[in-house]
file run28.pdb (PDB, C-alpha atoms and all ligand atoms)
MODEL        1
ATOM      1  CA  MET A   1      45.762  -5.514  30.341
ATOM      2  CA  ALA A   2      42.518  -3.615  31.037
ATOM      3  CA  LEU A   3      40.971  -5.522  33.902
ATOM      4  CA  LYS A   4      37.220  -5.350  34.492
ATOM      5  CA  ILE A   5      36.330  -6.344  38.050
ATOM      6  CA  THR A   6      32.697  -6.761  39.108
ATOM      7  CA  THR A   7      30.696  -8.913  41.479
ATOM      8  CA  LEU A   8      29.359 -12.246  40.330
ATOM      9  CA  GLU A   9      25.917 -10.834  41.087
ATOM     10  CA  GLU A  10      26.493  -8.258  38.346
ATOM     11  CA  ARG A  11      27.895 -10.829  35.913
ATOM     12  CA  PRO A  12      26.131 -14.129  36.677
ATOM     13  CA  GLU A  13      27.367 -15.599  33.386
ATOM     14  CA  PHE A  14      30.629 -16.428  35.226
ATOM     15  CA  ALA A  15      28.887 -18.728  37.723
ATOM     16  CA  SER A  16      29.229 -21.896  35.672
ATOM     17  CA  SER A  17      32.959 -21.432  34.966
ATOM     18  CA  LEU A  18      34.017 -19.899  38.287
ATOM     19  CA  TRP A  19      35.691 -23.023  39.674
ATOM     20  CA  ASP A  20      36.976 -24.247  36.294
ATOM     21  CA  MET A  21      39.579 -21.483  35.949
ATOM     22  CA  ASP A  22      43.102 -22.943  35.568
ATOM     23  CA  HIS A  23      44.512 -22.746  39.062
ATOM     24  CA  THR A  24      47.434 -23.903  41.172
ATOM     25  CA  TRP A  25      45.575 -25.180  44.255
ATOM     26  CA  PRO A  26      46.849 -28.582  45.435
ATOM     27  CA  GLU A  27      44.187 -31.308  45.097
ATOM     28  CA  PHE A  28      43.992 -32.117  48.837
ATOM     29  CA  VAL A  29      42.990 -28.530  49.720
ATOM     30  CA  LEU A  30      39.933 -28.874  47.505
ATOM     31  CA  ASN A  31      38.900 -31.799  49.699
ATOM     32  CA  ASP A  32      38.364 -29.687  52.793
ATOM     33  CA  PRO A  33      34.676 -30.462  53.492
ATOM     34  CA  ILE A  34      34.023 -26.818  54.388
ATOM     35  CA  ALA A  35      35.395 -25.766  50.987
ATOM     36  CA  ASP A  36      32.848 -28.103  49.453
ATOM     37  CA  LEU A  37      30.084 -26.374  51.367
ATOM     38  CA  PHE A  38      31.278 -22.900  50.406
ATOM     39  CA  TYR A  39      31.788 -23.627  46.716
ATOM     40  CA  ALA A  40      28.214 -24.899  46.543
ATOM     41  CA  ILE A  41      26.711 -21.678  47.945
ATOM     42  CA  ALA A  42      29.202 -19.034  46.781
ATOM     43  CA  THR A  43      27.630 -18.613  43.365
ATOM     44  CA  THR A  44      24.088 -18.390  44.718
ATOM     45  CA  THR A  45      23.811 -17.100  48.286
ATOM     46  CA  TYR A  46      27.044 -15.090  48.229
ATOM     47  CA  ALA A  47      27.215 -13.868  44.613
ATOM     48  CA  GLY A  48      27.460 -10.273  45.864
ATOM     49  CA  TYR A  49      30.593 -11.241  47.809
ATOM     50  CA  VAL A  50      32.397 -12.908  44.901
ATOM     51  CA  LEU A  51      34.507 -10.766  42.588
ATOM     52  CA  VAL A  52      35.237 -11.817  39.035
ATOM     53  CA  ALA A  53      37.736 -10.225  36.692
ATOM     54  CA  ASP A  54      38.178 -10.457  32.961
ATOM     55  CA  ASP A  55      40.250  -8.593  30.421
ATOM     56  CA  ASP A  56      38.845  -6.209  27.815
ATOM     57  CA  ALA A  57      40.947  -8.006  25.191
ATOM     58  CA  GLU A  58      39.283 -11.343  25.979
ATOM     59  CA  PRO A  59      35.897 -10.584  27.543
ATOM     60  CA  GLY A  60      34.140 -13.472  29.244
ATOM     61  CA  ARG A  61      37.349 -15.399  30.053
ATOM     62  CA  LEU A  62      38.043 -15.351  33.765
ATOM     63  CA  VAL A  63      41.387 -13.792  34.768
ATOM     64  CA  ALA A  64      40.953 -13.928  38.547
ATOM     65  CA  ARG A  65      38.350 -14.434  41.242
ATOM     66  CA  GLY A  66      38.062 -13.253  44.839
ATOM     67  CA  CYS A  67      35.677 -14.562  47.474
ATOM     68  CA  MET A  68      34.463 -13.073  50.738
ATOM     69  CA  ILE A  69      31.807 -14.051  53.267
ATOM     70  CA  PRO A  70      29.898 -12.070  55.895
ATOM     71  CA  TYR A  71      30.145 -13.768  59.299
ATOM     72  CA  LEU A  72      29.218 -13.316  62.944
ATOM     73  CA  ALA A  73      32.124 -11.374  64.481
ATOM     74  CA  GLU A  74      30.295  -9.895  67.492
ATOM     75  CA  GLY A  75      33.367  -7.843  68.312
ATOM     76  CA  GLY A  76      35.139 -11.014  69.467
ATOM     77  CA  GLU A  77      38.551 -12.537  68.855
ATOM     78  CA  LEU A  78      39.335 -13.752  65.377
ATOM     79  CA  PRO A  79      38.558 -17.487  65.370
ATOM     80  CA  GLU A  80      41.233 -20.156  65.780
ATOM     81  CA  ASP A  81      39.594 -22.096  62.947
ATOM     82  CA  GLY A  82      40.135 -19.237  60.458
ATOM     83  CA  TRP A  83      38.872 -20.157  56.990
ATOM     84  CA  ASP A  84      36.622 -23.032  58.053
ATOM     85  CA  GLY A  85      35.414 -20.970  61.023
ATOM     86  CA  VAL A  86      34.165 -17.903  59.145
ATOM     87  CA  ILE A  87      32.374 -20.048  56.575
ATOM     88  CA  ARG A  88      30.583 -22.033  59.299
ATOM     89  CA  SER A  89      29.831 -18.892  61.265
ATOM     90  CA  GLY A  90      28.521 -17.073  58.183
ATOM     91  CA  TRP A  91      26.334 -19.948  57.138
ATOM     92  CA  LEU A  92      24.987 -20.607  60.658
ATOM     93  CA  ALA A  93      24.207 -16.903  61.158
ATOM     94  CA  ARG A  94      22.286 -16.931  57.918
ATOM     95  CA  THR A  95      20.240 -20.032  58.716
ATOM     96  CA  ARG A  96      19.484 -18.720  62.230
ATOM     97  CA  GLY A  97      18.493 -15.278  60.950
ATOM     98  CA  LEU A  98      21.261 -13.503  62.871
ATOM     99  CA  PRO A  99      22.859 -10.374  61.349
ATOM    100  CA  ALA A 100      26.412 -11.074  60.155
ATOM    101  CA  ASP A 101      28.414  -8.074  61.371
ATOM    102  CA  GLY A 102      31.882  -9.025  60.088
ATOM    103  CA  ILE A 103      33.299  -9.767  56.679
ATOM    104  CA  SER A 104      36.180 -12.070  55.827
ATOM    105  CA  ALA A 105      38.123 -12.584  52.639
ATOM    106  CA  LEU A 106      38.382 -16.269  51.724
ATOM    107  CA  GLU A 107      40.547 -16.436  48.653
ATOM    108  CA  ILE A 108      42.029 -14.613  45.739
ATOM    109  CA  SER A 109      43.009 -16.831  42.825
ATOM    110  CA  VAL A 110      44.735 -15.615  39.700
ATOM    111  CA  ARG A 111      44.566 -17.763  36.545
ATOM    112  CA  SER A 112      47.761 -19.820  36.488
ATOM    113  CA  ASP A 113      49.155 -18.362  33.230
ATOM    114  CA  LEU A 114      48.721 -14.808  34.545
ATOM    115  CA  GLN A 115      50.332 -15.222  37.960
ATOM    116  CA  GLY A 116      53.358 -13.079  38.795
ATOM    117  CA  ARG A 117      52.088  -9.965  36.969
ATOM    118  CA  GLY A 118      50.886  -7.955  39.923
ATOM    119  CA  LEU A 119      47.189  -8.836  39.599
ATOM    120  CA  SER A 120      46.775  -9.988  43.195
ATOM    121  CA  SER A 121      47.091  -6.490  44.645
ATOM    122  CA  VAL A 122      44.507  -5.173  42.155
ATOM    123  CA  MET A 123      42.069  -7.889  43.250
ATOM    124  CA  LEU A 124      42.770  -7.205  46.915
ATOM    125  CA  ALA A 125      42.138  -3.471  46.431
ATOM    126  CA  ALA A 126      38.832  -4.284  44.706
ATOM    127  CA  MET A 127      37.894  -6.580  47.566
ATOM    128  CA  ARG A 128      38.603  -3.902  50.172
ATOM    129  CA  GLU A 129      36.566  -1.427  48.155
ATOM    130  CA  ARG A 130      33.620  -3.809  47.843
ATOM    131  CA  ALA A 131      33.658  -4.618  51.573
ATOM    132  CA  ALA A 132      33.689  -0.896  52.381
ATOM    133  CA  ARG A 133      30.819  -0.266  49.962
ATOM    134  CA  LEU A 134      28.846  -2.971  51.771
ATOM    135  CA  GLY A 135      29.205  -0.844  54.912
ATOM    136  CA  HIS A 136      32.051  -2.647  56.692
ATOM    137  CA  THR A 137      34.853  -0.823  58.469
ATOM    138  CA  GLU A 138      37.186  -3.824  58.579
ATOM    139  CA  LEU A 139      37.943  -6.725  56.241
ATOM    140  CA  VAL A 140      39.693  -9.670  57.859
ATOM    141  CA  ALA A 141      41.503 -12.416  55.972
ATOM    142  CA  PRO A 142      42.821 -15.859  56.995
ATOM    143  CA  VAL A 143      45.795 -15.604  54.660
ATOM    144  CA  ARG A 144      47.494 -18.700  53.226
ATOM    145  CA  PRO A 145      51.139 -17.576  52.850
ATOM    146  CA  ASN A 146      52.182 -18.606  49.359
ATOM    147  CA  ARG A 147      55.808 -19.589  50.170
ATOM    148  CA  LYS A 148      55.206 -21.426  53.447
ATOM    149  CA  HIS A 149      54.954 -24.785  51.652
ATOM    150  CA  LEU A 150      58.720 -24.529  51.016
ATOM    151  CA  GLU A 151      59.397 -24.971  54.740
ATOM    152  CA  PRO A 152      56.552 -27.069  56.151
ATOM    153  CA  ARG A 153      58.288 -27.823  59.450
ATOM    154  CA  THR A 154      58.751 -24.181  60.443
ATOM    155  CA  PRO A 155      56.070 -23.136  62.963
ATOM    156  CA  MET A 156      53.665 -20.670  61.357
ATOM    157  CA  THR A 157      54.134 -18.151  64.197
ATOM    158  CA  GLU A 158      57.839 -17.981  63.381
ATOM    159  CA  TYR A 159      57.258 -17.842  59.617
ATOM    160  CA  ALA A 160      54.541 -15.169  59.756
ATOM    161  CA  SER A 161      56.632 -12.831  61.875
ATOM    162  CA  ARG A 162      59.738 -13.114  59.683
ATOM    163  CA  THR A 163      60.514  -9.830  57.932
ATOM    164  CA  ARG A 164      62.906  -8.537  55.288
ATOM    165  CA  PRO A 165      65.399  -5.737  55.973
ATOM    166  CA  ASP A 166      62.778  -3.229  54.701
ATOM    167  CA  GLY A 167      60.398  -4.378  57.450
ATOM    168  CA  LEU A 168      57.888  -6.045  55.101
ATOM    169  CA  PRO A 169      56.959  -9.726  55.596
ATOM    170  CA  HIS A 170      59.294 -12.362  54.192
ATOM    171  CA  ASP A 171      56.307 -14.087  52.561
ATOM    172  CA  ALA A 172      55.186 -12.619  49.219
ATOM    173  CA  TRP A 173      51.423 -12.994  49.727
ATOM    174  CA  LEU A 174      51.575 -11.603  53.256
ATOM    175  CA  ARG A 175      53.576  -8.724  51.785
ATOM    176  CA  VAL A 176      50.783  -7.934  49.327
ATOM    177  CA  HIS A 177      48.330  -7.730  52.234
ATOM    178  CA  VAL A 178      50.586  -5.543  54.363
ATOM    179  CA  ARG A 179      51.353  -3.194  51.455
ATOM    180  CA  ALA A 180      47.606  -2.823  50.902
ATOM    181  CA  GLY A 181      47.223  -1.615  54.499
ATOM    182  CA  GLY A 182      46.627  -4.914  56.298
ATOM    183  CA  LYS A 183      48.019  -5.731  59.753
ATOM    184  CA  ILE A 184      49.093  -9.217  60.792
ATOM    185  CA  VAL A 185      47.069 -10.107  63.896
ATOM    186  CA  LYS A 186      47.831 -13.724  64.787
ATOM    187  CA  VAL A 187      47.966 -17.258  63.488
ATOM    188  CA  ALA A 188      44.781 -19.271  62.951
ATOM    189  CA  PRO A 189      46.277 -22.663  63.929
ATOM    190  CA  ARG A 190      43.514 -24.860  62.478
ATOM    191  CA  SER A 191      42.176 -22.823  59.603
ATOM    192  CA  MET A 192      41.463 -25.821  57.418
ATOM    193  CA  VAL A 193      41.265 -29.508  58.341
ATOM    194  CA  VAL A 194      41.393 -32.181  55.674
ATOM    195  CA  ALA A 195      40.962 -35.791  56.784
ATOM    196  CA  GLY A 196      41.045 -38.756  54.464
ATOM    197  CA  THR A 197      41.633 -42.481  54.295
ATOM    198  CA  LEU A 198      45.110 -43.456  53.134
ATOM    199  CA  ASP A 199      43.716 -44.392  49.730
ATOM    200  CA  GLU A 200      42.184 -40.930  49.413
ATOM    201  CA  TRP A 201      45.493 -39.283  50.324
ATOM    202  CA  ARG A 202      47.319 -41.502  47.796
ATOM    203  CA  LYS A 203      44.835 -40.380  45.128
ATOM    204  CA  TRP A 204      45.181 -36.690  46.063
ATOM    205  CA  THR A 205      48.985 -36.672  46.241
ATOM    206  CA  ASP A 206      50.473 -39.698  44.397
ATOM    207  CA  LEU A 207      52.475 -40.389  47.562
ATOM    208  CA  PRO A 208      52.612 -43.878  49.193
ATOM    209  CA  PHE A 209      51.263 -42.980  52.676
ATOM    210  CA  ASP A 210      52.704 -46.292  53.932
ATOM    211  CA  ARG A 211      54.416 -45.140  57.148
ATOM    212  CA  THR A 212      52.939 -43.775  60.348
ATOM    213  CA  GLY A 213      54.192 -40.282  61.161
ATOM    214  CA  ALA A 214      54.551 -36.845  59.637
ATOM    215  CA  VAL A 215      54.431 -36.773  55.832
ATOM    216  CA  GLU A 216      55.613 -33.788  53.826
ATOM    217  CA  VAL A 217      53.222 -33.229  50.946
ATOM    218  CA  PRO A 218      53.978 -30.783  48.100
ATOM    219  CA  GLY A 219      51.861 -27.661  48.545
ATOM    220  CA  ALA A 220      51.072 -28.380  52.211
ATOM    221  CA  LEU A 221      52.023 -25.701  54.742
ATOM    222  CA  THR A 222      52.652 -28.242  57.516
ATOM    223  CA  PRO A 223      53.290 -32.015  57.493
ATOM    224  CA  VAL A 224      50.270 -34.328  57.214
ATOM    225  CA  HIS A 225      49.692 -36.706  60.168
ATOM    226  CA  CYS A 226      49.515 -40.272  58.859
ATOM    227  CA  ASP A 227      48.317 -43.305  60.899
ATOM    228  CA  VAL A 228      48.713 -46.557  58.997
ATOM    229  CA  ASP A 229      47.040 -48.744  61.679
ATOM    230  CA  GLN A 230      43.948 -46.537  61.693
ATOM    231  CA  ASP A 231      43.939 -46.065  57.886
ATOM    232  CA  HIS A 232      43.653 -42.306  57.968
ATOM    233  CA  ALA A 233      45.710 -39.154  57.574
ATOM    234  CA  VAL A 234      44.845 -35.644  58.707
ATOM    235  CA  TYR A 235      46.136 -32.276  57.543
ATOM    236  CA  VAL A 236      45.674 -29.235  59.770
ATOM    237  CA  GLU A 237      46.500 -26.032  57.910
ATOM    238  CA  PRO A 238      47.473 -22.904  59.814
ATOM    239  CA  ASN A 239      46.737 -19.549  58.184
ATOM    240  CA  VAL A 240      47.547 -15.999  59.260
ATOM    241  CA  TRP A 241      44.848 -13.547  60.287
ATOM    242  CA  VAL A 242      45.287 -10.166  58.659
ATOM    243  CA  SER A 243      43.045  -7.206  59.458
ATOM    244  CA  HIS A 244      42.396  -4.517  56.860
ATOM    245  CA  PRO A 245      40.923  -1.342  58.325
ATOM    246  CA  LEU A 246      38.681   0.215  55.692
ATOM    247  CA  THR A 247      38.269   3.738  56.950
TER
HETATM  248  C1  LIG A 301      48.924 -15.963  45.599
HETATM  249  C2  LIG A 301      48.448 -15.319  44.294
HETATM  250  C3  LIG A 301      47.028 -14.817  44.493
HETATM  251  C4  LIG A 301      49.388 -14.162  43.951
HETATM  252  O1  LIG A 301      48.890 -13.567  42.798
HETATM  253  P1  LIG A 301      49.830 -13.015  41.633
HETATM  254  O2  LIG A 301      49.017 -12.078  40.827
HETATM  255  O3  LIG A 301      50.459 -14.168  40.940
HETATM  256  O4  LIG A 301      50.952 -12.266  42.464
HETATM  257  P2  LIG A 301      51.605 -10.875  42.124
HETATM  258  O5  LIG A 301      52.151 -10.911  40.724
HETATM  259  O6  LIG A 301      50.644  -9.806  42.454
HETATM  260  O7  LIG A 301      52.823 -10.851  43.120
HETATM  261  C5  LIG A 301      52.644 -10.644  44.491
HETATM  262  C6  LIG A 301      53.944 -10.945  45.194
HETATM  263  O8  LIG A 301      54.185 -12.337  45.080
HETATM  264  C7  LIG A 301      55.419 -12.575  44.427
HETATM  265  N1  LIG A 301      55.217 -13.763  43.628
HETATM  266  C8  LIG A 301      54.280 -13.975  42.681
HETATM  267  N2  LIG A 301      54.409 -15.217  42.196
HETATM  268  C9  LIG A 301      55.438 -15.782  42.850
HETATM  269  C10 LIG A 301      56.073 -17.046  42.766
HETATM  270  N3  LIG A 301      55.661 -18.000  41.949
HETATM  271  N4  LIG A 301      57.104 -17.274  43.575
HETATM  272  C11 LIG A 301      57.537 -16.332  44.434
HETATM  273  N5  LIG A 301      56.985 -15.112  44.567
HETATM  274  C12 LIG A 301      55.953 -14.854  43.764
HETATM  275  C13 LIG A 301      55.688 -11.330  43.628
HETATM  276  O9  LIG A 301      57.044 -11.136  43.394
HETATM  277  C14 LIG A 301      55.130 -10.270  44.546
HETATM  278  O10 LIG A 301      56.039 -10.028  45.596
HETATM  279  P3  LIG A 301      56.853  -8.632  45.718
HETATM  280  O11 LIG A 301      56.341  -8.050  46.990
HETATM  281  O12 LIG A 301      58.248  -9.023  45.850
HETATM  282  O13 LIG A 301      56.558  -7.819  44.522
HETATM  283  C15 LIG A 301      48.497 -16.344  43.111
HETATM  284  O14 LIG A 301      49.776 -16.890  43.037
HETATM  285  C16 LIG A 301      47.488 -17.469  43.185
HETATM  286  O15 LIG A 301      46.380 -17.357  42.661
HETATM  287  N6  LIG A 301      47.874 -18.562  43.858
HETATM  288  C17 LIG A 301      46.979 -19.719  44.015
HETATM  289  C18 LIG A 301      45.869 -19.421  44.948
HETATM  290  C19 LIG A 301      46.367 -18.921  46.277
HETATM  291  O16 LIG A 301      47.263 -19.489  46.885
HETATM  292  N7  LIG A 301      45.771 -17.824  46.720
HETATM  293  C20 LIG A 301      46.169 -17.217  47.988
HETATM  294  C21 LIG A 301      45.498 -17.814  49.151
HETATM  295  S1  LIG A 301      43.835 -17.271  49.234
ENDMDL
END

call {"tool": "encode", "arguments": {"input": "run28.pdb", "output": "structure tokens"}}
result
Amino acid sequence: MALKITTLEERPEFASSLWDMDHTWPEFVLNDPIADLFYAIATTTYAGYVLVADDDAEPGRLVARGCMIPYLAEGGELPEDGWDGVIRSGWLARTRGLPADGISALEISVRSDLQGRGLSSVMLAAMRERAARLGHTELVAPVRPNRKHLEPRTPMTEYASRTRPDGLPHDAWLRVHVRAGGKIVKVAPRSMVVAGTLDEWRKWTDLPFDRTGAVEVPGALTPVHCDVDQDHAVYVEPNVWVSHPLT
């Protein structure tokens, strides 16, 4: 496969199909209100920060996408609200006319039929390269470990620090980041918050949501908090901050 990776700014024809690519994201994640905000502005305001990839053999058909956002780092700690936090910070900096001095990766998604072929590390390398070309010396990423959903009750701090005998992370997606030169910094305990009525959660998951307490939902990294009396359930997703030095 001869992959061609560019920015969306260079190939705006991908804007209309960017979010239609066959993917494996669970439905409830797409209902994070901050995701809604980002998806609406990614193809316009941040087109220079979105990478699109297609294959020479099938030009014009999206193989993978990668999204980043510039945000207000101000030399401070990486935010506890990871993914949601950098999107809010980036957008607020922009509307207030403040210079965004940091850059964060937001996602890399590989088309579902092409997963497991080593494309994620190629996209990550392209992302690092693009961030460096934009003048940044560090790319940070609130990483969503791709095997954590198999053990939702394990605390993320314990999961993220688990390593294999060769010293690399137990989690495959964290491993890709570390192999690329990234360093695990800390957990972002509330990287994404998805709240919904019980009917909304039933629609998103096909689960009954008929008992108060912790509900394990396929694809969720931690249990969802369900309150039947109050007719709502809330999911708080932890991610793992990884720092990629670019020099
Ligand atoms: C996570 C994702 C980007 C990985 O991309 P990919 O191109 O399929 O992954 P790769 O083929 O490059 O493999 C990377 C590692 O993951 C492992 N892996 C890939 N698919 C896997 C699967 N289904 N189950 C277990 N491990 C898997 C590979 O073995 C490899 O690990 P290694 O260090 O042992 O070699 C892709 O699965 C995806 O798009 N997932 C949905 C979106 C998402 O979760 N993105 C990440 C959060 S932003």

call {"tool": "closest_atom_pairs", "arguments": {"input": "run28.pdb", "of": "region 153-219 of chain A", "to": "region 28-44 of chain A", "cutoff": "7 Å", "atoms": "only C-alpha atoms", "output": "CSV"}}
result
residue,atom,partner,partner_atom,distance
A:Met192,CA,A:Asp32,CA,6.8
A:Val193,CA,A:Asp32,CA,6.3
A:Val194,CA,A:Asp32,CA,4.9
A:Trp204,CA,A:Phe28,CA,5.5

call {"tool": "resolve_selection", "arguments": {"input": "run28.pdb", "expression": "the PyMOL selection byres (((not hetatm)) within 6 of (chain A and resi 301))", "output": "number ranges by chain"}}
result
A: 24-25, 107-110, 115-121, 143-144, 146, 172-173, 175-176

call {"tool": "closest_residue", "arguments": {"input": "run28.pdb", "among": "A:Ala188, A:Ile5, A:Val240, A:Ala195", "to": "Val224 (chain A)", "atoms": "all atoms listed in the file"}}
result
A:Ala195

call {"tool": "closest_residue", "arguments": {"input": "run28.pdb", "among": "A:Glu58, A:Val50, A:Val178, A:Pro26", "to": "Glu10 (chain A)", "atoms": "only C-alpha atoms"}}
result
A:Val50

call {"tool": "closest_residue", "arguments": {"input": "run28.pdb", "among": "A:Arg179, A:Arg65, A:Arg111, A:His149", "to": "Lys4 (chain A)", "atoms": "only C-alpha atoms"}}
result
A:Arg65

call {"tool": "atom_distance", "arguments": {"input": "run28.pdb", "atom1": "CA of Val52 (chain A)", "atom2": "CA of Leu114 (chain A)"}}
result
14.5 Å

call {"tool": "resolve_selection", "arguments": {"input": "run28.pdb", "expression": "the PyMOL selection byres (((chain A and resi 241) around 6) and not hetatm)", "output": "list in words"}}
result
Ala141, Pro142, Val185, Lys186, Val187, Val240 and Val242 of chain A

call {"tool": "write_last_selection", "arguments": {"input": "run28.pdb", "atoms": "C-alpha atoms", "output": "PDB file, in the frame of the given file"}}
result
ATOM      1  CA  ALA A 141      41.503 -12.416  55.972  1.00  0.00           C
ATOM      2  CA  PRO A 142      42.821 -15.859  56.995  1.00  0.00           C
ATOM      3  CA  VAL A 185      47.069 -10.107  63.896  1.00  0.00           C
ATOM      4  CA  LYS A 186      47.831 -13.724  64.787  1.00  0.00           C
ATOM      5  CA  VAL A 187      47.966 -17.258  63.488  1.00  0.00           C
ATOM      6  CA  VAL A 240      47.547 -15.999  59.260  1.00  0.00           C
ATOM      7  CA  VAL A 242      45.287 -10.166  58.659  1.00  0.00           C
TER       8      VAL A 242
END

call {"tool": "residues_around", "arguments": {"input": "run28.pdb", "residues": "Glu9 (chain A)", "least_positions_apart": "3", "cutoff": "10 Å", "atoms": "all atoms listed in the file", "output": "JSON, numbers by chain"}}
result
{"A": [6, 12, 13, 14, 15, 43, 44, 45, 46, 47, 48, 49, 50, 51, 52]}

call {"tool": "residues_around", "arguments": {"input": "run28.pdb", "residues": "Leu150 (chain A)", "least_positions_apart": "3", "cutoff": "12 Å", "atoms": "all atoms listed in the file", "output": "PyMOL selection string"}}
result
chain A and resi 145-147+153-154+159+171+216-223

call {"tool": "axis_aligned_box", "arguments": {"input": "run28.pdb", "around": "region 120-135 of chain A", "padding_each_side": "8 Å", "output": "JSON"}}
result
{"center_x": 38.0, "center_y": -5.1, "center_z": 48.5, "size_x": 34.2, "size_y": 25.7, "size_z": 28.8}

call {"tool": "closest_residue", "arguments": {"input": "run28.pdb", "among": "A:His23, A:Leu62, A:Leu139, A:Ala233", "to": "Arg11 (chain A)", "atoms": "only C-alpha atoms"}}
result
A:Leu62

call {"tool": "atom_distance", "arguments": {"input": "run28.pdb", "atom1": "CA of Leu8 (chain A)", "atom2": "CA of Asp20 (chain A)"}}
result
14.8 Å

call {"tool": "resolve_selection", "arguments": {"input": "run28.pdb", "expression": "the PyMOL selection byres (((chain A and resi 200) around 12) and not hetatm)", "output": "JSON, numbers by chain"}}
result
{"A": [27, 28, 31, 194, 195, 196, 197, 198, 199, 201, 202, 203, 204, 205, 206, 207, 208, 209, 226, 231, 232, 233, 234]}

call {"tool": "closest_residue", "arguments": {"input": "run28.pdb", "among": "A:Thr157, A:Thr7, A:Ser191, A:Thr163", "to": "Asp84 (chain A)", "atoms": "only C-alpha atoms"}}
result
A:Ser191

call {"tool": "closest_residue", "arguments": {"input": "run28.pdb", "among": "A:Leu72, A:Val86, A:Leu168, A:Met156", "to": "Ala100 (chain A)", "atoms": "all atoms listed in the file"}}
result
A:Leu72

call {"tool": "residues_near_point", "arguments": {"input": "run28.pdb", "point": "(30.1, -19.9, 59.2)", "cutoff": "12 Å", "atoms": "all atoms listed in the file", "output": "mmCIF file with C-alpha atoms, keeping the file's coordinate frame"}}
result
data_model
loop_
_atom_site.group_PDB
_atom_site.id
_atom_site.type_symbol
_atom_site.label_atom_id
_atom_site.label_comp_id
_atom_site.auth_asym_id
_atom_site.auth_seq_id
_atom_site.Cartn_x
_atom_site.Cartn_y
_atom_site.Cartn_z
ATOM 1 C CA ILE A 34 34.023 -26.818 54.388
ATOM 2 C CA ALA A 35 35.395 -25.766 50.987
ATOM 3 C CA LEU A 37 30.084 -26.374 51.367
ATOM 4 C CA PHE A 38 31.278 -22.900 50.406
ATOM 5 C CA ILE A 41 26.711 -21.678 47.945
ATOM 6 C CA MET A 68 34.463 -13.073 50.738
ATOM 7 C CA ILE A 69 31.807 -14.051 53.267
ATOM 8 C CA PRO A 70 29.898 -12.070 55.895
ATOM 9 C CA TYR A 71 30.145 -13.768 59.299
ATOM 10 C CA LEU A 72 29.218 -13.316 62.944
ATOM 11 C CA ALA A 73 32.124 -11.374 64.481
ATOM 12 C CA PRO A 79 38.558 -17.487 65.370
ATOM 13 C CA ASP A 81 39.594 -22.096 62.947
ATOM 14 C CA GLY A 82 40.135 -19.237 60.458
ATOM 15 C CA TRP A 83 38.872 -20.157 56.990
ATOM 16 C CA ASP A 84 36.622 -23.032 58.053
ATOM 17 C CA GLY A 85 35.414 -20.970 61.023
ATOM 18 C CA VAL A 86 34.165 -17.903 59.145
ATOM 19 C CA ILE A 87 32.374 -20.048 56.575
ATOM 20 C CA ARG A 88 30.583 -22.033 59.299
ATOM 21 C CA SER A 89 29.831 -18.892 61.265
ATOM 22 C CA GLY A 90 28.521 -17.073 58.183
ATOM 23 C CA TRP A 91 26.334 -19.948 57.138
ATOM 24 C CA LEU A 92 24.987 -20.607 60.658
ATOM 25 C CA ALA A 93 24.207 -16.903 61.158
ATOM 26 C CA ARG A 94 22.286 -16.931 57.918
ATOM 27 C CA THR A 95 20.240 -20.032 58.716
ATOM 28 C CA ARG A 96 19.484 -18.720 62.230
ATOM 29 C CA LEU A 98 21.261 -13.503 62.871
ATOM 30 C CA ALA A 100 26.412 -11.074 60.155
ATOM 31 C CA GLY A 102 31.882 -9.025 60.088
ATOM 32 C CA ILE A 103 33.299 -9.767 56.679
ATOM 33 C CA SER A 104 36.180 -12.070 55.827
ATOM 34 C CA LEU A 106 38.382 -16.269 51.724
#
